[in-house]
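Heads up: the structure comes next, in structure tokens.
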Amino acid sequence: MGPTRTALITGSTAGIGHAIALDLARRGYRIVLNYHKDDARAQSALQEVRDLGATALLVRADVTSPDEATAMVEQAEHEAAVDLLVNNVGTFHFKPFLETTPQEWDTVLRSSLLAAVHCSRALLPHMRSRSAGHIVNVASLNAGVLRAKPMTLPYAIAKAGIVLLTRTLAATEGIHGIRVNAVSPGFVDGGAFPPKNLGHIPLGRLASGQEIAEAIAYLASAAAAYVTGADLDIHGGAFL
């Protein structure tokens, strides 16, 4: 068994992020949990990870802030070298264009795109110094396909940006031994705005958070050593 690897997952005390943290903990990773507001939920998540036998660090940070994202990374690196960054944080509003306020645009773009930018910028110099590392960005259903999104336009723009960020960093960081990939989940069980019916999903069901986590674990593994710049769709065939 090789040395313990460390994973930093943003927004990892609830939802998909928490599923990712638990899955990586089971695989032997040291886990850095990130959260912003809910202290009680964060402490519960920390205990869940530790109950799996994993070493864990809990860091409160608003990763939409460049300064807080950098401070989080520095705190994590002080404890152990971060081998895997999972940029998971994101939010969206389900509204038509004219009903979406400038503040809502700002919130979505900052959380669903710029948070990944800030965290990656903070961590990449450390990864470059070690000539090794992995970044996995969480995009969204068909994020790389430019089509009209009348009710989720800010989110769609942000996640399309995530795919472009992924491809660009994969192109520039490979020479430094760093791989960068994305996963694009479809509708996830327990997620916001579930579909009213599953008729448009060929596999006929929602994804589980565990299935998203397993895809991320694969991309960060030696089995994917020649995979970089990929955007892995995990949507059961929705909207093909």
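So you can find residues: chains in the structure tokens are A, B, ... in the order shown, residues in each start at 1, and ligands are numbered from 1 in order.
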
inquiry  = I need the residues of region 11-141 of chain A that end up classed as strand (DSSP E) by DSSP on the backbone, written out as a PyMOL selection string.
reply    = chain A and resi 30-35+56-60+84-87+133-138

Include N, CA and C atoms and write out the residues we just selected as a compact mmCIF listing (two decimals), in the first residue's frame.
# COMPACT_ATOMS: atom_id res chain seq x y z
N ARG A 30 -6.43 10.93 3.30
CA ARG A 30 -6.58 11.94 4.35
C ARG A 30 -7.50 13.01 3.77
N ILE A 31 -8.48 13.48 4.53
CA ILE A 31 -9.52 14.35 3.98
C ILE A 31 -9.46 15.75 4.59
N VAL A 32 -9.50 16.75 3.73
CA VAL A 32 -9.69 18.14 4.16
C VAL A 32 -11.11 18.54 3.77
N LEU A 33 -11.94 18.72 4.79
CA LEU A 33 -13.34 19.11 4.59
C LEU A 33 -13.43 20.63 4.61
N ASN A 34 -14.16 21.18 3.66
CA ASN A 34 -14.39 22.61 3.60
C ASN A 34 -15.88 22.91 3.74
N TYR A 35 -16.18 23.96 4.49
CA TYR A 35 -17.56 24.44 4.60
C TYR A 35 -17.52 25.93 4.82
N ALA A 56 -8.68 13.59 9.29
CA ALA A 56 -9.48 14.65 8.65
C ALA A 56 -9.19 16.00 9.27
N LEU A 57 -9.25 17.01 8.45
CA LEU A 57 -9.10 18.40 8.86
C LEU A 57 -10.32 19.16 8.37
N LEU A 58 -10.90 19.97 9.23
CA LEU A 58 -12.08 20.77 8.89
C LEU A 58 -11.67 22.23 8.77
N VAL A 59 -11.96 22.85 7.63
CA VAL A 59 -11.57 24.24 7.40
C VAL A 59 -12.79 25.05 6.98
N ARG A 60 -13.08 26.07 7.75
CA ARG A 60 -14.16 26.99 7.38
C ARG A 60 -13.59 28.06 6.47
N LEU A 84 -4.98 15.86 -4.25
CA LEU A 84 -6.21 15.95 -5.05
C LEU A 84 -7.07 17.10 -4.57
N LEU A 85 -7.40 17.98 -5.50
CA LEU A 85 -8.36 19.06 -5.24
C LEU A 85 -9.63 18.75 -6.01
N VAL A 86 -10.76 18.72 -5.29
CA VAL A 86 -12.06 18.56 -5.94
C VAL A 86 -12.82 19.87 -5.77
N ASN A 87 -12.99 20.59 -6.87
CA ASN A 87 -13.74 21.85 -6.85
C ASN A 87 -15.22 21.52 -7.03
N GLY A 133 0.04 16.02 -9.03
CA GLY A 133 -1.22 16.47 -8.45
C GLY A 133 -2.37 16.22 -9.40
N HIS A 134 -3.56 16.28 -8.84
CA HIS A 134 -4.79 16.07 -9.61
C HIS A 134 -5.82 17.11 -9.20
N ILE A 135 -6.52 17.62 -10.17
CA ILE A 135 -7.67 18.50 -9.91
C ILE A 135 -8.86 17.90 -10.65
N VAL A 136 -9.96 17.76 -9.95
CA VAL A 136 -11.21 17.35 -10.59
C VAL A 136 -12.25 18.42 -10.31
N ASN A 137 -12.80 18.98 -11.36
CA ASN A 137 -13.82 20.02 -11.25
C ASN A 137 -15.20 19.42 -11.48
N VAL A 138 -16.15 19.82 -10.65
CA VAL A 138 -17.52 19.34 -10.82
C VAL A 138 -18.27 20.34 -11.70

inquiry  = I'd like the neighbourhood of region 229-234 of chain A as an MDAnalysis selection string, where a residue qualifies if any of its atoms comes within 7 Å (using only C-alpha atoms), though same-chain residues fewer than 6 positions away should be ignored.
reply    = chainID A and resid 163 166:167 170 180:186

For those residues, write N, CA and C atoms to a file as an mmCIF file, in the first residue's frame.
data_model
loop_
_atom_site.group_PDB
_atom_site.id
_atom_site.type_symbol
_atom_site.label_atom_id
_atom_site.label_comp_id
_atom_site.auth_asym_id
_atom_site.auth_seq_id
_atom_site.Cartn_x
_atom_site.Cartn_y
_atom_site.Cartn_z
ATOM 1 N N VAL A 163 -15.781 23.737 -17.664
ATOM 2 C CA VAL A 163 -15.242 22.812 -18.669
ATOM 3 C C VAL A 163 -14.056 23.453 -19.400
ATOM 4 N N THR A 166 -11.103 23.530 -17.115
ATOM 5 C CA THR A 166 -10.533 22.188 -17.028
ATOM 6 C C THR A 166 -9.625 21.894 -18.208
ATOM 7 N N ARG A 167 -10.110 22.146 -19.409
ATOM 8 C CA ARG A 167 -9.322 21.854 -20.608
ATOM 9 C C ARG A 167 -8.059 22.714 -20.672
ATOM 10 N N ALA A 170 -5.562 21.533 -18.037
ATOM 11 C CA ALA A 170 -4.992 20.255 -18.480
ATOM 12 C C ALA A 170 -3.891 20.500 -19.514
ATOM 13 N N VAL A 180 -5.804 17.348 -14.893
ATOM 14 C CA VAL A 180 -7.004 18.119 -14.579
ATOM 15 C C VAL A 180 -8.168 17.569 -15.393
ATOM 16 N N ASN A 181 -9.225 17.172 -14.716
ATOM 17 C CA ASN A 181 -10.404 16.619 -15.374
ATOM 18 C C ASN A 181 -11.671 17.187 -14.754
ATOM 19 N N ALA A 182 -12.793 16.881 -15.374
ATOM 20 C CA ALA A 182 -14.089 17.321 -14.863
ATOM 21 C C ALA A 182 -15.068 16.155 -14.878
ATOM 22 N N VAL A 183 -16.050 16.225 -14.006
ATOM 23 C CA VAL A 183 -17.212 15.338 -14.082
ATOM 24 C C VAL A 183 -18.439 16.222 -14.249
ATOM 25 N N SER A 184 -19.384 15.748 -15.040
ATOM 26 C CA SER A 184 -20.620 16.503 -15.283
ATOM 27 C C SER A 184 -21.820 15.654 -14.865
ATOM 28 N N PRO A 185 -22.240 15.795 -13.607
ATOM 29 C CA PRO A 185 -23.382 15.005 -13.149
ATOM 30 C C PRO A 185 -24.689 15.490 -13.770
ATOM 31 N N GLY A 186 -25.604 14.555 -13.939
ATOM 32 C CA GLY A 186 -26.972 14.910 -14.319
ATOM 33 C C GLY A 186 -27.800 15.108 -13.066
#

query = So how many Å separate CA of Leu146 (chain A) and CA of Gly237 (chain A), to one decimal?
reply =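 Atom-to-atom, CA of Leu146 (chain A) and CA of Gly237 (chain A) are spaced 17.1 Å apart.
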
key: Per-residue DSSP, region 2-233 of chain A, filtered to alpha helix (DSSP H), as JSON, numbers by chain   = {"A": [15, 16, 17, 18, 19, 20, 21, 22, 23, 24, 25, 26, 39, 40, 41, 42, 43, 44, 45, 46, 47, 48, 49, 50, 51, 66, 67, 68, 69, 70, 71, 72, 73, 74, 75, 76, 77, 78, 79, 102, 103, 104, 105, 106, 107, 108, 109, 115, 116, 117, 118, 119, 120, 121, 122, 123, 124, 125, 126, 127, 128, 129, 130, 153, 154, 155, 156, 157, 158, 159, 160, 161, 162, 163, 164, 165, 166, 167, 168, 169, 170, 171, 172, 173, 209, 210, 211, 212, 213, 214, 215, 216, 217, 218, 219]}

Dump as CSV the rows for residues of region 6-65 of chain A within 7 Å of region 194-217 of chain A: closest atom pair and distance in Å with one decimal, only C-alpha atoms counted, ordered by chain and rising residue number.
residue,atom,partner,partner_atom,distance
A:Ile16,CA,A:Gly209,CA,5.1
A:Ala19,CA,A:Gly209,CA,5.5
A:Ile20,CA,A:Ala213,CA,4.4
A:Asp23,CA,A:Ala213,CA,6.3
A:Leu24,CA,A:Ala217,CA,6.9

query = Using only C-alpha atoms, which of the listed residues (A:His78, A:Lys149, A:Arg50, A:Lys159) sits closest to Val108 (chain A)?
reply = A:Lys159

ask   = If we count only C-alpha atoms, what is near Phe97 (chain A) at a cut-off of 8 Å, once residues fewer than 5 positions away on the same chain are taken out, given as a list in words?
value = Pro150, Met151 and Leu153 of chain A

Written selection (C-alpha atoms) as a compact mmCIF listing (two decimals), in the first residue's frame:
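Saved as again.txt:
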# COMPACT_ATOMS: atom_id res chain seq x y z
CA PRO A 150 -33.78 29.68 -20.33
CA MET A 151 -34.20 28.92 -16.60
CA LEU A 153 -28.53 30.70 -17.63
